[in-house]
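First up is the structure itself, then whatever we jot down about it.
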Amino acid sequence: MTDVQASTAPSLTVRDNRTGQEYELPITDGTIKAADLGKIRADDDEPGLAVYDPGFVNTASCRSAVTYIDGDKGILEYRGYPIEQLAEKSTFLEVAYLLIYGQLPDKTQYDEWVHHITYHTFVHENVRSFMQGFRYDAHPMGMLMASVGALSTFYPESRDISDMHNREIQIIRMIAKMPTLGAWAFRHAQGKPYIYPDNDLSYTANFLSMLFKMSEQKYDADERLVKALDVLFILHADHEQNCSTNAVRSVGSSQVDPYSAVAAGIAALFGPLHGGANEAVLRMLRRIGSLENVPAFIDGVKAGNERLMGFGHRVYKNYDPRAKIIKKATEDVFEVTGVNPLLKIAQELEKIALEDDYFVSRRLYPNVDFYSGLIYEALQFPPEMFTVLFAIGRTPGWLSQWLELTEDKEQKIARPKQIYTGDRSLTFTPREERWA
Ligand code: CMC
């Protein structure tokens with residue numbers, strides 16, 4: 001318990017009206033420590049004051065140097081580099097290196113990194129048999145989640161998370177194997193043979209080969225499609241403390257191996273509120289069907305009958321910077337695949353919404369999901385695969401956040417408080433007496 005003292009350091013003065021006591025809580029980095037609030041108590045037998053924050057909407061759970069977001073200004077940076085520059089000039093593997101190591105690689109580091117990732121794309125043959133055991137209609141996200149979790153049994157040494165070298169090799173393995181597992185989950189649903197990785201190809205071209213190769217000697221994907229998918233991976237590579245990253249950190253805080261922690265992240269991403277909005281955008285565009293129906297649809301949204309999917313964001317109150325980049329990638333992809341007629345409807349919706357006071361006053365702008373589903377569809381992915389693509393892109397982000405967690409001395413096992421609302425001190429009556 002601290003009485004208020006004159007101080008020049010930033011602080012918050014709190015008066016507890018139950019006791020009349022005042023407290024001065026230091027403010028650091030725009031936050032107060034929840035533990036400092038815990039010192040505020042009505043009397044010694046009472047628990048200290050806590051904050052109630054379902055969904056952690058106003059609670060910082062960690063210090064992180066990975067990703068910076070300014071939602072009001074529409075800024076997204078990985079390790080200080082703007083997403084626009086990375087999407088235009090970098091590659092997914094270089095961005096993955098940046099996220100994991102915190103700085104851009106020199107030539108030797110880059111070559112070694114790409115070499116290591118390329119030569120860890122194969123999985124143990126038993127992983128293949130394991131995947132083949134799934135039902136014919138298994139959802140590819142369920143297969144991915146289970147297979148990544150299963151990898152922890154193939155690499156038992158991964159449980160030693162105190163060893164930096166060991167952590168590094170698991171990170172390489174996971175980034176490398178994720179496309180193999182994702183592609184095999186895709187082939188499984190189609191009853192097609194699983195295709196082994198091709199080490200002559202780039203990360204993303206190899207993924208396309210494992211997805212689409214049939215009897216040809218070599219799968220030769222159009223470079224523009226490879227680039228577009230690579231850009232989509234970059235855009236999804238990290239997004240600070242979102243639901244799945246929080247899941248990775250929370251599970252990782254028990255010091256479990258990274259495969260198990262990332263499997264938890266995949267589970268979180270599987271949920272429709274997190275990874276599934278682009279599929280909902282496609283359904284919405286199909287339902288609207290033609291340009292003439294757009295005004296009536298917008299009226300329905302404004303009347304509160306439904307939402308304009310792919311618009312609005314918890315953090316971005318400006319154009320989601322990723323949406324702008326995706327819009328450009330959409331044009332590149334359609335140059336190769338031909339234009340999806342749904343694009344015209346999407347463009348018209350965007351045009352109307354950006355001028356309409358309903359959307360402008362609520363600061364609703366297109367988010368990352370508004371155009372991504374159109375690209376994925378053009379690349380021949382069924383909707384169930386959209387979240388798998390998200391997971392492949394997000395893996396370096398999950399792992400860089402996990403790495404940061406393991407090196408952060410302030411972190412503890414995640415264990416939020418609760419407000420207990422149930423009964424207390426009831427007396428148990430045995431079944432024979434209760435049912436008599
Ligand atoms: N269409 C119509 N109205 C909307 C929409 C929308 N898409 N989004 C928000 N609003 C309205 C909402 O009705 C409310 O209006 P009022 O003040 O009159 O009640 C106001 O805007 C604020 O909405 P909110 O629900 O409090 O905002 P939120 O920050 O809780 O929700 C959101 C964010 C993303 C869940 C929401 O905008 C939404 O449901 N969007 C559509 C689904 C979508 O595209 N999700 C993908 C998000 S991006 C994924 C990622 O970053 O990984």
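Residue numbering restarts at 1 for every chain of the structure tokens, chains are lettered A, B, ... in their displayed order, and ligands are numbered from 1 as they appear.
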Given 6 Å and only C-alpha atoms and all ligand atoms, residues near ligand 1 as a PDB file with N, CA, C and O atoms, in the first residue's frame:
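Final file, result-v7.pdb:
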ATOM      1  N   HIS A 274     -11.983 -15.882 -36.710  1.00  0.00           N
ATOM      2  CA  HIS A 274     -10.580 -15.521 -36.917  1.00  0.00           C
ATOM      3  C   HIS A 274     -10.192 -15.729 -38.375  1.00  0.00           C
ATOM      4  O   HIS A 274      -9.927 -14.780 -39.098  1.00  0.00           O
ATOM      5  N   ALA A 277     -13.293 -15.287 -42.468  1.00  0.00           N
ATOM      6  CA  ALA A 277     -14.123 -14.203 -43.040  1.00  0.00           C
ATOM      7  C   ALA A 277     -14.056 -14.147 -44.570  1.00  0.00           C
ATOM      8  O   ALA A 277     -15.042 -13.763 -45.206  1.00  0.00           O
ATOM      9  N   VAL A 301     -27.768  -3.726 -45.381  1.00  0.00           N
ATOM     10  CA  VAL A 301     -26.680  -3.619 -44.393  1.00  0.00           C
ATOM     11  C   VAL A 301     -26.932  -2.403 -43.501  1.00  0.00           C
ATOM     12  O   VAL A 301     -26.842  -2.471 -42.271  1.00  0.00           O
ATOM     13  N   ARG A 307     -24.218  -7.814 -42.185  1.00  0.00           N
ATOM     14  CA  ARG A 307     -22.969  -7.055 -42.267  1.00  0.00           C
ATOM     15  C   ARG A 307     -22.365  -7.151 -43.661  1.00  0.00           C
ATOM     16  O   ARG A 307     -22.564  -8.145 -44.361  1.00  0.00           O
ATOM     17  N   LEU A 308     -21.658  -6.123 -44.013  1.00  0.00           N
ATOM     18  CA  LEU A 308     -20.889  -6.174 -45.252  1.00  0.00           C
ATOM     19  C   LEU A 308     -19.591  -6.896 -44.908  1.00  0.00           C
ATOM     20  O   LEU A 308     -18.702  -6.325 -44.262  1.00  0.00           O
ATOM     21  N   MET A 309     -19.526  -8.163 -45.278  1.00  0.00           N
ATOM     22  CA  MET A 309     -18.356  -8.974 -44.890  1.00  0.00           C
ATOM     23  C   MET A 309     -17.109  -8.448 -45.588  1.00  0.00           C
ATOM     24  O   MET A 309     -17.170  -7.995 -46.730  1.00  0.00           O
ATOM     25  N   GLY A 310     -15.954  -8.544 -44.878  1.00  0.00           N
ATOM     26  CA  GLY A 310     -14.708  -8.015 -45.442  1.00  0.00           C
ATOM     27  C   GLY A 310     -14.553  -6.525 -45.209  1.00  0.00           C
ATOM     28  O   GLY A 310     -13.607  -5.924 -45.710  1.00  0.00           O
ATOM     29  N   PHE A 311     -15.474  -5.965 -44.454  1.00  0.00           N
ATOM     30  CA  PHE A 311     -15.382  -4.546 -44.082  1.00  0.00           C
ATOM     31  C   PHE A 311     -15.313  -4.426 -42.564  1.00  0.00           C
ATOM     32  O   PHE A 311     -15.963  -5.180 -41.851  1.00  0.00           O
ATOM     33  N   GLY A 312     -14.558  -3.451 -42.081  1.00  0.00           N
ATOM     34  CA  GLY A 312     -14.471  -3.198 -40.651  1.00  0.00           C
ATOM     35  C   GLY A 312     -13.379  -4.035 -40.007  1.00  0.00           C
ATOM     36  O   GLY A 312     -12.999  -5.099 -40.533  1.00  0.00           O
ATOM     37  N   HIS A 313     -12.844  -3.556 -38.893  1.00  0.00           N
ATOM     38  CA  HIS A 313     -11.785  -4.269 -38.202  1.00  0.00           C
ATOM     39  C   HIS A 313     -11.700  -3.769 -36.774  1.00  0.00           C
ATOM     40  O   HIS A 313     -11.930  -2.584 -36.524  1.00  0.00           O
ATOM     41  N   ARG A 314     -11.409  -4.671 -35.841  1.00  0.00           N
ATOM     42  CA  ARG A 314     -11.276  -4.279 -34.443  1.00  0.00           C
ATOM     43  C   ARG A 314     -10.149  -3.259 -34.259  1.00  0.00           C
ATOM     44  O   ARG A 314     -10.264  -2.322 -33.475  1.00  0.00           O
ATOM     45  N   ARG A 362     -18.687   5.309 -39.390  1.00  0.00           N
ATOM     46  CA  ARG A 362     -18.266   4.219 -38.497  1.00  0.00           C
ATOM     47  C   ARG A 362     -16.839   3.768 -38.779  1.00  0.00           C
ATOM     48  O   ARG A 362     -16.361   2.815 -38.208  1.00  0.00           O
ATOM     49  N   ASN A 367     -11.113  -4.790 -45.255  1.00  0.00           N
ATOM     50  CA  ASN A 367     -10.024  -5.434 -44.514  1.00  0.00           C
ATOM     51  C   ASN A 367      -9.356  -6.492 -45.397  1.00  0.00           C
ATOM     52  O   ASN A 367      -9.724  -6.672 -46.559  1.00  0.00           O
ATOM     53  N   VAL A 368      -8.386  -7.189 -44.807  1.00  0.00           N
ATOM     54  CA  VAL A 368      -7.545  -8.132 -45.565  1.00  0.00           C
ATOM     55  C   VAL A 368      -8.375  -9.202 -46.286  1.00  0.00           C
ATOM     56  O   VAL A 368      -7.981  -9.734 -47.316  1.00  0.00           O
ATOM     57  N   ASP A 369      -9.566  -9.481 -45.737  1.00  0.00           N
ATOM     58  CA  ASP A 369     -10.359 -10.585 -46.283  1.00  0.00           C
ATOM     59  C   ASP A 369     -11.246 -10.193 -47.450  1.00  0.00           C
ATOM     60  O   ASP A 369     -11.866 -11.056 -48.073  1.00  0.00           O
TER      61      ASP A 369
END
Got a sec: who's within 12 Å of range 349-355 of chain A, counting only C-alpha atoms, leaving out chain neighbours fewer than 4 positions off, as a ChimeraX atom specification? /A:281,284-285,288,290-299,301-302,307-312,318-319,323-324,327,342-345,359-367,370-371
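Rounded to one decimal, CA of Ser400 in chain A and CA of Leu99 in chain A lie 5.8 Å from each other.
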Residues near Gly397 in chain A, cut-off 12 Å, only C-alpha atoms, skip fewer than 3 positions along chain, as a PDB file with C-alpha atoms, in the first residue's frame:
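The file below, out.pdb, is the result:
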ATOM      1  CA  SER A  64       6.968  -7.487 -28.153  1.00  0.00           C
ATOM      2  CA  ALA A  65       9.352  -6.159 -30.777  1.00  0.00           C
ATOM      3  CA  VAL A  66       7.893  -8.177 -33.657  1.00  0.00           C
ATOM      4  CA  THR A  67       4.957  -6.275 -35.167  1.00  0.00           C
ATOM      5  CA  TYR A  78       7.189  -6.112 -39.177  1.00  0.00           C
ATOM      6  CA  ARG A  79      10.320  -5.396 -37.124  1.00  0.00           C
ATOM      7  CA  PHE A  92       8.167 -14.688 -47.864  1.00  0.00           C
ATOM      8  CA  LEU A  93      11.301 -16.525 -46.701  1.00  0.00           C
ATOM      9  CA  VAL A  95      10.287 -11.869 -44.224  1.00  0.00           C
ATOM     10  CA  ALA A  96      10.235 -15.101 -42.189  1.00  0.00           C
ATOM     11  CA  TYR A  97      13.955 -14.600 -41.420  1.00  0.00           C
ATOM     12  CA  LEU A  98      13.281 -10.982 -40.465  1.00  0.00           C
ATOM     13  CA  LEU A  99      10.482 -11.979 -38.099  1.00  0.00           C
ATOM     14  CA  ILE A 100      12.468 -14.769 -36.452  1.00  0.00           C
ATOM     15  CA  TYR A 101      15.880 -13.067 -36.130  1.00  0.00           C
ATOM     16  CA  GLY A 102      14.727  -9.442 -35.867  1.00  0.00           C
ATOM     17  CA  ILE A 171      11.558 -23.367 -36.255  1.00  0.00           C
ATOM     18  CA  MET A 174       8.062 -26.129 -38.984  1.00  0.00           C
ATOM     19  CA  ILE A 175       8.294 -23.347 -41.579  1.00  0.00           C
ATOM     20  CA  PHE A 233       1.939 -15.237 -47.265  1.00  0.00           C
ATOM     21  CA  ILE A 234       3.887 -12.043 -46.437  1.00  0.00           C
ATOM     22  CA  LEU A 235       0.690 -10.150 -45.633  1.00  0.00           C
ATOM     23  CA  HIS A 236      -0.437 -12.861 -43.223  1.00  0.00           C
ATOM     24  CA  ALA A 237       2.967 -13.473 -41.614  1.00  0.00           C
ATOM     25  CA  ASP A 238       2.192 -11.696 -38.340  1.00  0.00           C
ATOM     26  CA  HIS A 239      -0.427  -9.451 -36.779  1.00  0.00           C
ATOM     27  CA  GLU A 240       0.685  -8.939 -33.165  1.00  0.00           C
ATOM     28  CA  GLN A 241      -1.447 -10.370 -30.330  1.00  0.00           C
ATOM     29  CA  ASN A 242      -4.407 -11.753 -32.299  1.00  0.00           C
ATOM     30  CA  SER A 244      -4.135 -17.508 -32.585  1.00  0.00           C
ATOM     31  CA  THR A 245      -0.888 -15.787 -31.557  1.00  0.00           C
ATOM     32  CA  ASN A 246      -2.287 -15.380 -28.091  1.00  0.00           C
ATOM     33  CA  VAL A 248       0.480 -19.967 -29.162  1.00  0.00           C
ATOM     34  CA  ARG A 249       1.851 -17.767 -26.399  1.00  0.00           C
ATOM     35  CA  VAL A 262       1.649 -23.958 -32.937  1.00  0.00           C
ATOM     36  CA  GLY A 265      -2.507 -21.566 -32.838  1.00  0.00           C
ATOM     37  CA  PHE A 390      -3.446 -18.321 -43.718  1.00  0.00           C
ATOM     38  CA  ALA A 391      -1.785 -20.819 -41.333  1.00  0.00           C
ATOM     39  CA  ILE A 392       1.195 -21.369 -43.651  1.00  0.00           C
ATOM     40  CA  GLY A 393       1.703 -17.600 -43.889  1.00  0.00           C
ATOM     41  CA  ARG A 394       1.250 -17.051 -40.145  1.00  0.00           C
ATOM     42  CA  SER A 400       8.823 -15.455 -33.705  1.00  0.00           C
ATOM     43  CA  GLN A 401       6.301 -14.623 -30.971  1.00  0.00           C
ATOM     44  CA  TRP A 402       6.944 -18.005 -29.343  1.00  0.00           C
ATOM     45  CA  LEU A 403      10.708 -17.404 -29.499  1.00  0.00           C
ATOM     46  CA  GLU A 404      10.270 -13.991 -27.916  1.00  0.00           C
TER      47      GLU A 404
END
Could you tell me how far CA of Pro54 in chain A sits from CA of Arg424 in chain A, in Å to one decimal place?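 According to the coordinates, CA of Arg424 in chain A and CA of Pro54 in chain A are separated by 23.4 Å.
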Which is closest to Ala87 in chain A among A:Lys227, A:Arg287, A:Arg415, A:Arg431, if we use only C-alpha atoms?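 That would be A:Lys227, the residue with the smallest distance to Ala87 in chain A.
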Which of range 62-135 of chain A fall in alpha helix (DSSP H), as number ranges by chain: A: 83-89, 92-101, 107-118, 125-132
Run DSSP on the backbone of this structure and report the residues of range 41-214 of chain A it assigns to strand (DSSP E), as a short mmCIF file (atom, residue, chain, number, x, y, z; two decimals) with all heavy atoms, in the first residue's frame.
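Contents of the output file selection_27.cif:
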data_model
loop_
_atom_site.label_atom_id
_atom_site.label_comp_id
_atom_site.auth_asym_id
_atom_site.auth_seq_id
_atom_site.Cartn_x
_atom_site.Cartn_y
_atom_site.Cartn_z
N THR A 67 5.86 -6.97 -34.23
CA THR A 67 4.96 -6.27 -35.17
C THR A 67 4.37 -5.02 -34.54
O THR A 67 3.96 -5.04 -33.38
CB THR A 67 3.82 -7.24 -35.57
OG1 THR A 67 4.38 -8.23 -36.43
CG2 THR A 67 2.72 -6.53 -36.35
N TYR A 68 4.32 -3.97 -35.33
CA TYR A 68 3.72 -2.71 -34.87
C TYR A 68 2.49 -2.41 -35.72
O TYR A 68 2.55 -2.46 -36.94
CB TYR A 68 4.73 -1.56 -35.00
CG TYR A 68 4.14 -0.22 -34.65
CD1 TYR A 68 4.02 0.18 -33.33
CD2 TYR A 68 3.67 0.64 -35.65
CE1 TYR A 68 3.45 1.40 -33.00
CE2 TYR A 68 3.10 1.87 -35.33
CZ TYR A 68 3.00 2.24 -34.00
OH TYR A 68 2.43 3.44 -33.67
N ILE A 69 1.38 -2.07 -35.06
CA ILE A 69 0.16 -1.69 -35.78
C ILE A 69 -0.34 -0.36 -35.24
O ILE A 69 -0.39 -0.17 -34.01
CB ILE A 69 -0.96 -2.73 -35.59
CG1 ILE A 69 -0.56 -4.11 -36.12
CG2 ILE A 69 -2.24 -2.29 -36.29
CD1 ILE A 69 -1.60 -5.20 -35.90
N ASP A 70 -0.65 0.57 -36.13
CA ASP A 70 -1.39 1.78 -35.74
C ASP A 70 -2.69 1.73 -36.54
O ASP A 70 -2.72 2.04 -37.73
CB ASP A 70 -0.57 3.04 -36.06
CG ASP A 70 -1.30 4.31 -35.61
OD1 ASP A 70 -2.55 4.30 -35.57
OD2 ASP A 70 -0.62 5.30 -35.30
N ILE A 75 -1.34 1.60 -40.29
CA ILE A 75 0.08 1.22 -40.42
C ILE A 75 0.29 -0.19 -39.89
O ILE A 75 -0.22 -0.54 -38.81
CB ILE A 75 0.98 2.20 -39.62
CG1 ILE A 75 0.92 3.59 -40.23
CG2 ILE A 75 2.42 1.69 -39.54
CD1 ILE A 75 1.65 4.65 -39.42
N LEU A 76 1.04 -0.98 -40.66
CA LEU A 76 1.46 -2.31 -40.21
C LEU A 76 2.93 -2.46 -40.54
O LEU A 76 3.34 -2.27 -41.70
CB LEU A 76 0.63 -3.40 -40.93
CG LEU A 76 1.10 -4.85 -40.78
CD1 LEU A 76 1.07 -5.31 -39.33
CD2 LEU A 76 0.22 -5.79 -41.62
N GLU A 77 3.74 -2.76 -39.53
CA GLU A 77 5.19 -2.93 -39.75
C GLU A 77 5.66 -4.22 -39.10
O GLU A 77 5.25 -4.52 -37.97
CB GLU A 77 5.96 -1.76 -39.12
CG GLU A 77 5.68 -0.43 -39.78
CD GLU A 77 6.30 0.76 -39.01
OE1 GLU A 77 6.90 0.55 -37.94
OE2 GLU A 77 6.17 1.88 -39.50
N TYR A 78 6.51 -4.97 -39.80
CA TYR A 78 7.19 -6.11 -39.18
C TYR A 78 8.60 -5.67 -38.84
O TYR A 78 9.34 -5.24 -39.73
CB TYR A 78 7.32 -7.30 -40.15
CG TYR A 78 6.02 -7.91 -40.66
CD1 TYR A 78 6.04 -8.62 -41.86
CD2 TYR A 78 4.82 -7.83 -39.97
CE1 TYR A 78 4.88 -9.22 -42.35
CE2 TYR A 78 3.67 -8.42 -40.46
CZ TYR A 78 3.70 -9.11 -41.64
OH TYR A 78 2.56 -9.70 -42.13
N TYR A 81 9.74 -2.51 -40.44
CA TYR A 81 9.64 -2.32 -41.90
C TYR A 81 8.17 -2.29 -42.35
O TYR A 81 7.41 -3.21 -42.01
CB TYR A 81 10.37 -3.44 -42.66
CG TYR A 81 11.86 -3.43 -42.45
CD1 TYR A 81 12.45 -4.25 -41.49
CD2 TYR A 81 12.68 -2.57 -43.19
CE1 TYR A 81 13.82 -4.23 -41.28
CE2 TYR A 81 14.06 -2.55 -42.98
CZ TYR A 81 14.62 -3.37 -42.01
OH TYR A 81 15.97 -3.34 -41.80
N PRO A 82 7.75 -1.25 -43.10
CA PRO A 82 6.35 -1.17 -43.54
C PRO A 82 5.98 -2.36 -44.42
O PRO A 82 6.75 -2.78 -45.28
CB PRO A 82 6.30 0.13 -44.36
CG PRO A 82 7.50 0.90 -43.96
CD PRO A 82 8.54 -0.10 -43.55
#
Which value, in Å to one decimal, gives the distance between CA of Pro156 in chain A and CA of Gln170 in chain A?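 Calculated distance between CA of Pro156 in chain A and CA of Gln170 in chain A is 10.5 Å.
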With distances taken over only C-alpha atoms, which residue among A:Ala42, A:Ala183, A:Leu426, A:Ala205 lies nearest Leu229 in chain A?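 Using only C-alpha atoms, Leu229 in chain A sits closest to A:Ala205.
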With a distance cut-off of 6 Å and only C-alpha atoms, select the neighbouring residues of range 112-118 of chain A, excluding the residue or stretch itself and same-chain residues fewer than 4 positions from it, and output the selection as a list in words.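 What passes the distance filter is Ile172, Ala176 and Asn199 of chain A.
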Nearest residue to Glu279 in chain A out of A:Thr406, A:Asn166, A:Ser372, A:Thr91, using only C-alpha atoms?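 Smallest distance to Glu279 in chain A is found for A:Ser372.
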Just the residues within 10 Å of Met143 in chain A, please, counting only C-alpha atoms, with nothing from its chain fewer than 2 positions along; format it as a ChimeraX atom specification. /A:130-135,138-141,145-149,181-182,184-186,188,388
Name all residues at most 7 Å from range 158-162 of chain A (count only C-alpha atoms; drop same-chain ones fewer than 5 positions away) and give them as a PyMOL selection string. chain A and resi 152+167+170+256-257
Expected file contents, prior selection, N, CA, C and O atoms, as a short mmCIF file (atom, residue, chain, number, x, y, z; two decimals), in the first residue's frame:
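File part-v5.cif, as written:
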data_model
loop_
_atom_site.label_atom_id
_atom_site.label_comp_id
_atom_site.auth_asym_id
_atom_site.auth_seq_id
_atom_site.Cartn_x
_atom_site.Cartn_y
_atom_site.Cartn_z
N SER A 152 5.47 -33.26 -32.94
CA SER A 152 6.17 -33.21 -31.65
C SER A 152 6.63 -34.61 -31.24
O SER A 152 7.62 -34.76 -30.54
N ARG A 167 15.87 -24.83 -30.47
CA ARG A 167 14.69 -24.04 -30.84
C ARG A 167 14.76 -23.67 -32.32
O ARG A 167 13.77 -23.74 -33.04
N GLN A 170 13.85 -26.51 -34.76
CA GLN A 170 12.40 -26.79 -34.82
C GLN A 170 11.69 -25.72 -35.64
O GLN A 170 10.74 -26.01 -36.37
N VAL A 256 5.74 -26.06 -23.17
CA VAL A 256 5.56 -27.22 -24.02
C VAL A 256 6.41 -27.03 -25.29
O VAL A 256 6.89 -25.91 -25.56
N ASP A 257 6.58 -28.07 -26.08
CA ASP A 257 7.36 -27.96 -27.32
C ASP A 257 6.64 -27.06 -28.34
O ASP A 257 5.41 -26.91 -28.26
#
Residue contacts of Pro10 in chain A (10 Å, only C-alpha atoms) excluding same-chain residues fewer than 6 positions away, as an MDAnalysis selection string: chainID A and resid 24:30
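Closest approach to Ala268 in chain A among A:Ala280, A:Cys62, A:Val251, A:Val339: A:Val251, based on only C-alpha atoms.
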